[in-house]
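Source file: upload-v5.csv (CSV, C-alpha atoms (C1' of nucleotides))
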chain,number,residue,atom,x,y,z
R,285,MET,CA,227.5,6.5,248.0
R,286,LEU,CA,225.6,9.0,246.0
R,287,THR,CA,226.4,12.6,245.1
R,288,ILE,CA,223.7,15.1,245.8
R,289,GLY,CA,222.8,15.2,242.1
R,290,LYS,CA,222.3,11.5,241.9
R,291,LEU,CA,220.3,11.5,245.1
R,292,GLY,CA,218.0,14.2,243.9
R,293,ALA,CA,217.5,12.4,240.6
R,294,SER,CA,216.7,9.1,242.4
R,295,ALA,CA,214.2,10.7,244.8
R,296,GLY,CA,212.7,13.2,242.4
R,297,VAL,CA,213.9,16.1,244.5
R,298,LYS,CA,215.8,19.1,243.3
R,299,VAL,CA,219.3,19.6,244.5
R,300,PRO,CA,218.7,23.0,246.3
R,301,THR,CA,215.8,21.4,248.0
R,302,ILE,CA,218.0,18.7,249.5
R,303,ARG,CA,220.4,21.3,250.8
R,304,TYR,CA,217.4,23.2,252.2
R,305,TYR,CA,216.1,20.1,254.0
R,306,GLU,CA,219.6,19.7,255.5
R,307,GLN,CA,219.7,23.3,256.6
R,308,ILE,CA,216.4,23.1,258.4
R,309,GLY,CA,217.4,19.8,260.0
R,310,LEU,CA,214.9,17.6,258.2
R,311,LEU,CA,217.9,15.6,256.8
R,312,PRO,CA,221.0,15.0,258.9
R,313,GLU,CA,224.2,16.7,257.8
R,314,ALA,CA,225.7,14.7,255.0
R,315,GLU,CA,229.1,13.1,255.1
R,316,ARG,CA,231.6,15.0,252.9
R,317,SER,CA,234.1,13.8,250.4
R,318,ALA,CA,237.7,14.9,250.4
R,319,GLY,CA,236.7,17.8,248.2
R,320,ASN,CA,233.9,18.9,250.6
R,321,GLN,CA,231.0,17.5,248.5
R,322,ARG,CA,228.1,15.8,250.1
R,323,LEU,CA,227.8,12.0,250.0
R,324,TYR,CA,224.7,10.0,250.7
R,325,SER,CA,223.9,6.5,251.6
R,326,ARG,CA,221.0,4.3,250.7
R,327,LYS,CA,219.5,5.2,254.0
R,328,ALA,CA,219.6,8.8,253.2
R,329,LEU,CA,217.8,8.0,249.9
R,330,ASP,CA,215.0,6.2,251.8
R,331,ARG,CA,214.6,9.2,254.1
R,332,LEU,CA,214.4,11.6,251.3
R,333,ALA,CA,211.9,9.5,249.4
R,334,PHE,CA,209.8,9.3,252.6
R,335,ILE,CA,209.9,13.1,252.8
R,336,ARG,CA,209.1,13.5,249.1
R,337,HIS,CA,206.2,11.1,249.3
R,338,ALA,CA,204.7,12.8,252.4
R,339,ARG,CA,205.1,16.2,250.7
R,340,ASP,CA,203.2,14.8,247.7
R,341,LEU,CA,200.4,13.8,250.1
R,342,GLY,CA,200.3,17.3,251.3
R,343,PHE,CA,201.9,16.9,254.8
R,344,THR,CA,203.7,20.0,256.0
R,345,LEU,CA,207.4,19.9,256.8
R,346,GLU,CA,206.5,20.1,260.5
R,347,ALA,CA,204.2,17.1,260.2
R,348,ILE,CA,206.9,15.2,258.3
R,349,ARG,CA,209.5,16.1,261.0
R,350,ASP,CA,207.2,14.4,263.5
R,351,LEU,CA,206.5,11.4,261.3
R,352,LEU,CA,210.2,10.9,260.7
R,353,SER,CA,211.1,10.9,264.4
R,354,LEU,CA,208.2,8.5,265.0
R,355,SER,CA,209.5,6.2,262.3
R,356,ASP,CA,212.9,6.2,264.0
R,357,GLU,CA,211.3,4.6,267.1
R,358,PRO,CA,209.7,1.3,265.8
R,359,ASP,CA,208.6,0.2,269.3
R,360,GLN,CA,206.5,3.2,270.0
R,361,SER,CA,202.7,3.1,269.5
R,362,CYS,CA,201.7,4.3,266.1
R,363,ALA,CA,198.8,6.3,267.5
R,364,ALA,CA,200.7,9.6,267.0
R,365,ALA,CA,201.4,8.7,263.4
R,366,ASP,CA,197.8,7.8,262.9
R,367,ALA,CA,196.7,11.0,264.3
R,368,ILE,CA,198.9,13.1,262.0
R,369,ALA,CA,197.6,11.2,259.0
R,370,LYS,CA,194.0,11.6,260.2
R,371,ALA,CA,194.5,15.3,260.6
R,372,GLN,CA,195.9,15.6,257.1
R,373,LEU,CA,193.0,13.6,255.8
R,374,ALA,CA,190.6,16.0,257.5
R,375,GLU,CA,192.4,18.9,256.1
R,376,VAL,CA,192.2,17.5,252.6
R,377,GLU,CA,188.6,16.8,253.0
R,378,SER,CA,187.7,20.3,254.1
R,379,ARG,CA,189.7,21.7,251.3
R,380,LEU,CA,187.8,19.5,248.9
R,381,VAL,CA,184.5,20.8,250.1
R,382,ARG,CA,185.6,24.4,249.7
R,383,LEU,CA,187.1,23.8,246.3
R,384,THR,CA,184.0,22.2,245.1
R,385,ALA,CA,182.0,25.2,246.1
R,386,LEU,CA,184.5,27.4,244.4
R,387,LYS,CA,184.3,25.4,241.2
R,388,ALA,CA,180.5,25.7,241.2
R,389,GLU,CA,180.7,29.5,241.6
R,390,LEU,CA,183.3,29.9,238.9
R,391,GLU,CA,181.4,27.8,236.5
R,392,ARG,CA,178.3,29.9,237.1
R,393,MET,CA,180.3,33.0,236.4
R,394,VAL,CA,181.9,31.7,233.3
R,395,VAL,CA,178.7,30.2,231.9
R,396,GLN,CA,176.8,33.4,232.4
R,397,CYS,CA,179.3,35.6,230.6
R,398,ALA,CA,177.7,36.4,227.3
R,399,GLY,CA,180.9,37.7,225.7
R,400,GLY,CA,179.9,41.3,225.4
R,401,ARG,CA,181.3,44.5,227.0
R,402,ILE,CA,182.9,44.7,230.4
R,403,ALA,CA,179.9,46.9,231.5
R,404,ASN,CA,177.7,43.9,231.3
R,405,CYS,CA,180.2,41.2,232.1
R,406,ARG,CA,178.9,38.7,234.5
R,407,VAL,CA,182.4,37.8,235.7
R,408,ILE,CA,183.1,41.4,236.8
R,409,GLU,CA,179.7,41.8,238.1
R,410,VAL,CA,179.7,38.7,240.3
R,411,LEU,CA,183.1,39.6,241.7
R,412,GLY,CA,181.8,43.0,242.7
R,413,ASN,CA,178.8,41.6,244.4
R,414,HIS,CA,179.0,38.5,246.6
R,415,SER,CA,175.2,38.4,247.0
R,416,LEU,CA,175.0,37.1,243.4
R,417,CYS,CA,176.7,34.0,244.6
R,418,THR,CA,174.8,30.9,245.4
R,419,THR,CA,177.3,29.1,247.5
R,420,ASP,CA,179.0,30.2,250.7
R,421,HIS,CA,182.5,29.8,249.2
R,422,GLN,CA,185.6,30.7,251.1
R,423,HIS,CA,189.1,29.8,250.4
R,424,PRO,CA,191.2,27.8,252.9
R,425,GLU,CA,193.8,30.2,254.1
R,426,GLY,CA,197.3,29.7,255.4
R,427,ASP,CA,197.9,26.1,254.6
R,428,THR,CA,199.7,24.0,252.1
R,429,PRO,CA,198.0,23.6,248.8
R,430,ALA,CA,198.1,19.8,248.4
A,37,MET,CA,184.4,58.6,254.8
A,38,LEU,CA,185.6,55.5,256.6
A,39,THR,CA,188.7,55.0,258.7
A,40,ILE,CA,190.8,52.0,257.8
A,41,GLY,CA,189.4,50.0,260.7
A,42,LYS,CA,185.8,50.6,259.6
A,43,LEU,CA,186.7,49.8,256.0
A,44,GLY,CA,188.4,46.5,257.0
A,45,ALA,CA,185.4,45.5,259.2
A,46,SER,CA,183.0,46.3,256.3
A,47,ALA,CA,184.9,44.4,253.7
A,48,GLY,CA,186.0,41.5,256.0
A,49,VAL,CA,189.7,42.4,255.4
A,50,LYS,CA,192.3,43.0,258.1
A,51,VAL,CA,193.8,46.4,258.5
A,52,PRO,CA,197.4,45.4,257.7
A,53,THR,CA,196.1,43.7,254.6
A,54,ILE,CA,194.6,46.9,253.4
A,55,ARG,CA,197.8,48.7,253.9
A,56,TYR,CA,199.6,45.9,252.1
A,57,TYR,CA,197.2,46.2,249.1
A,58,GLU,CA,197.9,49.9,248.9
A,59,GLN,CA,201.6,49.2,249.1
A,60,ILE,CA,201.6,46.9,246.2
A,61,GLY,CA,199.4,49.2,244.2
A,62,LEU,CA,196.2,47.1,244.2
A,63,LEU,CA,194.4,49.9,246.0
A,64,PRO,CA,195.2,53.5,245.2
A,65,GLU,CA,196.8,55.6,247.8
A,66,ALA,CA,194.2,56.7,250.3
A,67,GLU,CA,193.3,60.3,251.1
A,68,ARG,CA,194.6,61.4,254.5
A,69,SER,CA,193.0,63.2,257.3
A,70,ALA,CA,194.6,66.2,259.0
A,71,GLY,CA,196.3,63.8,261.4
A,72,ASN,CA,197.6,61.6,258.5
A,73,GLN,CA,195.2,58.8,258.8
A,74,ARG,CA,193.8,57.1,255.8
A,75,LEU,CA,190.2,57.9,254.8
A,76,TYR,CA,188.1,55.8,252.4
A,77,SER,CA,185.1,56.5,250.2
A,78,ARG,CA,182.3,54.1,249.4
A,79,LYS,CA,184.1,53.5,246.1
A,80,ALA,CA,187.1,52.2,247.9
A,81,LEU,CA,184.9,49.9,249.8
A,82,ASP,CA,183.5,48.5,246.6
A,83,ARG,CA,187.0,48.0,245.2
A,84,LEU,CA,188.2,46.2,248.4
A,85,ALA,CA,185.1,44.0,248.4
A,86,PHE,CA,185.8,43.1,244.8
A,87,ILE,CA,189.4,42.1,245.8
A,88,ARG,CA,188.2,40.2,248.8
A,89,HIS,CA,185.6,38.3,246.8
A,90,ALA,CA,188.1,37.4,244.0
A,91,ARG,CA,190.6,36.2,246.7
A,92,ASP,CA,187.9,34.0,248.2
A,93,LEU,CA,187.4,32.5,244.7
A,94,GLY,CA,191.1,31.8,244.6
A,95,PHE,CA,192.3,34.4,242.1
A,96,THR,CA,195.9,35.5,242.6
A,97,LEU,CA,196.6,39.1,243.3
A,98,GLU,CA,198.1,39.4,239.8
A,99,ALA,CA,194.9,38.1,238.2
A,100,ILE,CA,192.9,40.5,240.4
A,101,ARG,CA,195.1,43.4,239.3
A,102,ASP,CA,194.1,42.5,235.7
A,103,LEU,CA,190.4,42.1,236.6
A,104,LEU,CA,190.4,45.4,238.3
A,105,SER,CA,191.9,47.3,235.4
A,106,LEU,CA,189.4,45.6,233.1
A,107,SER,CA,186.5,46.6,235.3
A,108,ASP,CA,187.7,50.2,235.0
A,109,GLU,CA,187.1,50.1,231.3
A,110,PRO,CA,183.4,49.3,230.8
A,111,ASP,CA,183.5,49.6,227.1
A,112,GLN,CA,186.2,47.0,226.5
A,113,SER,CA,185.3,43.5,225.5
A,114,CYS,CA,185.0,41.2,228.4
A,115,ALA,CA,186.9,38.4,226.7
A,116,ALA,CA,189.9,39.0,228.8
A,117,ALA,CA,188.0,38.9,232.0
A,118,ASP,CA,186.3,35.7,230.8
A,119,ALA,CA,189.7,34.2,230.0
A,120,ILE,CA,191.0,34.9,233.5
A,121,ALA,CA,188.0,33.3,235.1
A,122,LYS,CA,188.2,30.3,232.8
A,123,ALA,CA,191.9,29.9,233.7
A,124,GLN,CA,191.0,30.0,237.4
A,125,LEU,CA,188.3,27.5,236.9
A,126,ALA,CA,190.7,25.1,235.1
A,127,GLU,CA,193.1,25.6,238.0
A,128,VAL,CA,190.5,24.8,240.5
A,129,GLU,CA,189.4,21.7,238.5
A,130,SER,CA,192.9,20.3,238.3
A,131,ARG,CA,193.4,20.9,241.9
A,132,LEU,CA,190.2,19.1,242.7
A,133,VAL,CA,191.4,16.1,240.7
A,134,ARG,CA,194.6,15.9,242.6
A,135,LEU,CA,193.1,16.5,246.0
A,136,THR,CA,190.6,13.7,245.3
A,137,ALA,CA,193.5,11.3,244.6
A,138,LEU,CA,195.2,12.5,247.8
A,139,LYS,CA,192.1,11.9,249.8
A,140,ALA,CA,191.8,8.4,248.5
A,141,GLU,CA,195.4,7.6,249.4
A,142,LEU,CA,195.2,9.1,252.8
A,143,GLU,CA,192.0,7.2,253.5
A,144,ARG,CA,193.7,3.9,252.5
A,145,MET,CA,196.6,4.7,254.8
A,146,VAL,CA,194.4,5.6,257.8
A,147,VAL,CA,192.0,2.7,257.4
A,148,GLN,CA,194.8,0.2,257.2
A,149,CYS,CA,196.5,1.4,260.4
A,150,ALA,CA,195.8,-1.3,262.9
A,151,GLY,CA,196.8,0.8,265.9
A,152,GLY,CA,199.9,-1.3,266.9
A,153,ARG,CA,203.5,-0.4,267.0
A,154,ILE,CA,205.3,1.9,264.6
A,155,ALA,CA,207.2,-1.0,263.2
A,156,ASN,CA,204.0,-2.3,261.7
A,157,CYS,CA,202.3,1.0,261.1
A,158,ARG,CA,200.8,1.2,257.7
A,159,VAL,CA,201.0,5.0,257.7
A,160,ILE,CA,204.8,5.0,258.1
A,161,GLU,CA,205.1,2.1,255.8
A,162,VAL,CA,203.2,3.7,252.9
A,163,LEU,CA,205.0,7.0,253.3
A,164,GLY,CA,208.3,5.1,253.0
A,165,ASN,CA,207.1,3.2,249.9
A,166,HIS,CA,205.2,4.9,247.2
A,167,SER,CA,204.7,1.6,245.3
A,168,LEU,CA,202.1,0.8,248.0
A,169,CYS,CA,200.0,3.5,246.6
A,170,THR,CA,197.1,2.9,244.2
A,171,THR,CA,196.8,6.3,242.8
A,172,ASP,CA,199.2,8.5,241.1
A,173,HIS,CA,198.8,11.3,243.5
A,174,GLN,CA,200.9,14.4,243.3
A,175,HIS,CA,200.3,17.7,245.0
A,176,PRO,CA,199.7,20.9,243.1
A,177,GLU,CA,202.7,23.0,243.7
A,178,GLY,CA,203.3,26.7,243.7
A,179,ASP,CA,199.8,28.0,243.6
A,180,THR,CA,197.2,29.4,245.8
A,181,PRO,CA,195.4,27.0,248.0
A,182,ALA,CA,191.9,28.1,247.3
I,176,DA,C1',245.8,20.4,230.3
I,177,DT,C1',241.5,22.0,229.6
I,178,DT,C1',236.9,22.4,229.5
I,179,DG,C1',232.2,21.7,231.0
I,180,DA,C1',229.2,19.9,234.4
I,181,DA,C1',228.3,19.5,238.9
I,182,DG,C1',229.3,21.0,243.5
I,183,DC,C1',229.9,24.6,247.2
I,184,DT,C1',228.3,28.9,250.2
I,185,DA,C1',225.6,32.8,251.1
I,186,DT,C1',222.0,35.7,250.1
I,187,DA,C1',217.7,37.3,248.1
I,188,DG,C1',213.4,36.5,246.0
I,189,DT,C1',208.6,34.2,245.5
I,190,DA,C1',203.0,34.8,247.3
I,191,DG,C1',200.2,36.9,250.4
I,192,DC,C1',200.0,38.2,254.1
I,193,DT,C1',201.0,38.6,259.6
I,194,DA,C1',203.5,40.3,263.5
I,195,DT,C1',206.4,43.4,266.0
I,196,DA,C1',208.3,47.8,267.7
I,197,DG,C1',207.9,52.3,268.7
I,198,DC,C1',205.6,56.1,267.7
I,199,DT,C1',201.2,59.6,267.1
I,200,DA,C1',196.1,60.6,266.7
I,201,DT,C1',191.5,60.2,268.1
I,202,DT,C1',187.8,59.4,271.2
I,203,DA,C1',185.2,58.4,275.5
I,204,DG,C1',184.8,58.9,280.3
I,205,DG,C1',185.4,61.3,284.6
H,104,DC,C1',190.1,69.6,280.6
H,105,DC,C1',192.7,65.7,281.3
H,106,DT,C1',193.7,61.1,280.8
H,107,DA,C1',193.6,56.5,279.3
H,108,DA,C1',192.3,53.3,276.0
H,109,DT,C1',191.8,52.5,271.4
H,110,DA,C1',193.1,53.1,266.7
H,111,DG,C1',196.2,54.6,263.6
H,112,DC,C1',201.0,55.4,261.6
H,113,DT,C1',205.8,53.7,259.5
H,114,DA,C1',209.3,50.4,258.9
H,115,DT,C1',211.0,46.1,259.3
H,116,DA,C1',211.0,41.1,260.0
H,117,DG,C1',208.8,36.7,259.8
H,118,DC,C1',205.9,32.9,257.9
H,119,DT,C1',206.0,28.2,254.3
H,120,DA,C1',208.5,25.7,251.2
H,121,DC,C1',211.2,26.4,248.2
H,122,DT,C1',213.8,28.6,243.9
H,123,DA,C1',217.1,31.6,241.9
H,124,DT,C1',221.4,34.1,241.7
H,125,DA,C1',226.3,35.1,242.1
H,126,DG,C1',230.8,33.8,242.5
H,127,DC,C1',233.5,30.4,243.6
H,128,DT,C1',235.7,25.2,243.7
H,129,DT,C1',235.9,20.3,242.5
H,130,DC,C1',235.3,16.6,239.5
H,131,DA,C1',235.1,13.8,235.2
H,132,DA,C1',236.2,13.4,230.6
H,133,DT,C1',238.9,14.3,226.6
As structure tokens, how would this structure be written, given the file I've shared?
Amino acid sequence: MLTIGKLGASAGVKVPTIRYYEQIGLLPEAERSAGNQRLYSRKALDRLAFIRHARDLGFTLEAIRDLLSLSDEPDQSCAAADAIAKAQLAEVESRLVRLTALKAELERMVVQCAGGRIANCRVIEVLGNHSLCTTDHQHPEGDTPA
Amino acid sequence: MLTIGKLGASAGVKVPTIRYYEQIGLLPEAERSAGNQRLYSRKALDRLAFIRHARDLGFTLEAIRDLLSLSDEPDQSCAAADAIAKAQLAEVESRLVRLTALKAELERMVVQCAGGRIANCRVIEVLGNHSLCTTDHQHPEGDTPA
DNA sequence: ATTGAAGCTATAGTAGCTATAGCTATTAGG
DNA sequence: CCTAATAGCTATAGCTACTATAGCTTCAAT
């Protein structure tokens, strides 16, 4: 059995984050020692590593919740899991497109800055006037960064 | 003079967002009509458009605060503005790198899913076992998504 | 026995908004 | 002129996914 600190170190997750996952029901309530400290099994480590890995791939906690309950039913079709992964892929792809446009625009801004006074600064000027942009950039709002 | 609704429509910013920007001091306190409603000048529209554009390019509100105060001093050197833009570009570039790795990994997962039972689902399997990954993906944490 | 690290709970804070409740002001139509 | 719809107002709470803090207890080592 692992203490919460060891568990966190093993899975690469901070201790408060583990408690947070328990609080929101992503991890089951841990067993407790005589002194009321959480104790974790190897199975708990697997589950946490799963969560960590999915987070690294940018899945939301909601998606992870679904993936976890799917993984608890090995006989079910994996179509649902596949759909979640595909949605995440689509999300990442669309973010890549927009980020690429952003990068191009920022590069243009930075390159054009001649290093003079603010009054002539291309950075400030472009920010104040979208029509100076070449691309139709727009940031992806309201979703996870990954 | 524009009402807050017209201003928002002109700049592509929602009304509560404008009030929020005022609240955090990004926009100055608006003049008020006899009936206590906010009234905005053309100058306010320019400022809001600037903010909107910078947000679209992924700048944080903190960075925008700095850019705005720089733009208020036309005689200053634009080195600081340039530095902020360069930092944002670097941020976007590093996010692009990580997102690209994520995309590759997600594609691998999705392609390998044969559409059978969860027990054999590649998606679930890969999530549970990072060593099945080829890339060293890791999501960019704690920053704006754009 | 004592000290330091690690654990506990509960609460608040982070970014950048968005939503809600409950009110008042303005405007268009009849 | 009156009314009803729309737009505005304030204040507060909620969102994601944590992170930080305060003030306490337990544990491991010396």
(request) Counting all atoms listed in the file, collect the residues of chain A whose closest atom lies at most 12 Å from chain I, and write them out as a ChimeraX atom specification. (result) /A:39,49-57,60,69-74,91,94-98,178-181
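Considering the residues R:His414, R:Arg316, R:Arg326, R:His337 and counting only C-alpha atoms, R:Gly296 has its shortest atom-to-atom contact with R:His337.
Pairwise distance (atom CA of A:Ile100, atom CA of A:Ala116) equals 12.1 Å.
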Which neighbours of stretch 350-355 of chain R fall inside 7 Å, counting all atoms listed in the file, when residues of the same chain fewer than 5 positions from it are skipped, and could you give them as a PDB file with C-alpha atoms, in the coordinates of the input?
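Saved file result-v1.pdb follows:
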ATOM      1  CA  ALA R 365     201.400   8.700 263.400  1.00  0.00           C
TER       2      ALA R 365
ATOM      3  CA  ILE A 154     205.300   1.900 264.600  1.00  0.00           C
ATOM      4  CA  ILE A 160     204.800   5.000 258.100  1.00  0.00           C
TER       5      ILE A 160
END
(message) Using Å and a single decimal, report how far atom CA of R:Lys290 sits from atom C1' of H:DA131.
(response) 14.6 Å
Proximal residues of chain R relative to chain A (all atoms listed in the file; 6 Å) as a CSV table (one decimal) with C-alpha atoms, keeping the file's coordinate frame:
chain,number,residue,atom,x,y,z
R,334,PHE,CA,209.8,9.3,252.6
R,337,HIS,CA,206.2,11.1,249.3
R,338,ALA,CA,204.7,12.8,252.4
R,340,ASP,CA,203.2,14.8,247.7
R,341,LEU,CA,200.4,13.8,250.1
R,358,PRO,CA,209.7,1.3,265.8
R,359,ASP,CA,208.6,0.2,269.3
R,360,GLN,CA,206.5,3.2,270.0
R,361,SER,CA,202.7,3.1,269.5
R,362,CYS,CA,201.7,4.3,266.1
R,373,LEU,CA,193.0,13.6,255.8
R,386,LEU,CA,184.5,27.4,244.4
R,390,LEU,CA,183.3,29.9,238.9
R,400,GLY,CA,179.9,41.3,225.4
R,401,ARG,CA,181.3,44.5,227.0
R,402,ILE,CA,182.9,44.7,230.4
R,403,ALA,CA,179.9,46.9,231.5
R,411,LEU,CA,183.1,39.6,241.7
R,412,GLY,CA,181.8,43.0,242.7
R,422,GLN,CA,185.6,30.7,251.1
R,423,HIS,CA,189.1,29.8,250.4
R,424,PRO,CA,191.2,27.8,252.9
R,429,PRO,CA,198.0,23.6,248.8
R,430,ALA,CA,198.1,19.8,248.4
I need the chain H residues near chain R as a PDB file with C-alpha atoms (C1' of nucleotides), in the frame of the given file; criterion: at most 10 Å, counting only C-alpha atoms (C1' of nucleotides).
ATOM      1  C1'  DC H 118     205.900  32.900 257.900  1.00  0.00           C
ATOM      2  C1'  DT H 119     206.000  28.200 254.300  1.00  0.00           C
ATOM      3  C1'  DA H 120     208.500  25.700 251.200  1.00  0.00           C
ATOM      4  C1'  DC H 121     211.200  26.400 248.200  1.00  0.00           C
ATOM      5  C1'  DT H 122     213.800  28.600 243.900  1.00  0.00           C
ATOM      6  C1'  DA H 123     217.100  31.600 241.900  1.00  0.00           C
ATOM      7  C1'  DT H 128     235.700  25.200 243.700  1.00  0.00           C
ATOM      8  C1'  DT H 129     235.900  20.300 242.500  1.00  0.00           C
ATOM      9  C1'  DC H 130     235.300  16.600 239.500  1.00  0.00           C
TER      10       DC H 130
END
(request) Could you please determine the separation between atom C1' of H:DG117 and atom CA of R:Ala347 in Å, to one decimal place? (result)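 For atom C1' of H:DG117 relative to atom CA of R:Ala347, the distance reads 20.1 Å.
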(request) Point out the residue among A:Leu63, A:Ala123, A:Leu81, A:Cys169 with the least atom-to-atom distance to A:Ala45, counting only C-alpha atoms. (result)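 Closest residue, counting only C-alpha atoms: A:Leu81.
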Using the file's own x, y and z axes, what box holds all listed atoms of stretch 147-156 of chain A with 8 Å on each side, keeping edges along x, y and z, and what are its centre and edge lengths in Å to one decimal, as AutoDock Vina command-line options?
--center_x 199.6 --center_y 0.2 --center_z 262.1 --size_x 31.2 --size_y 21.0 --size_z 25.8
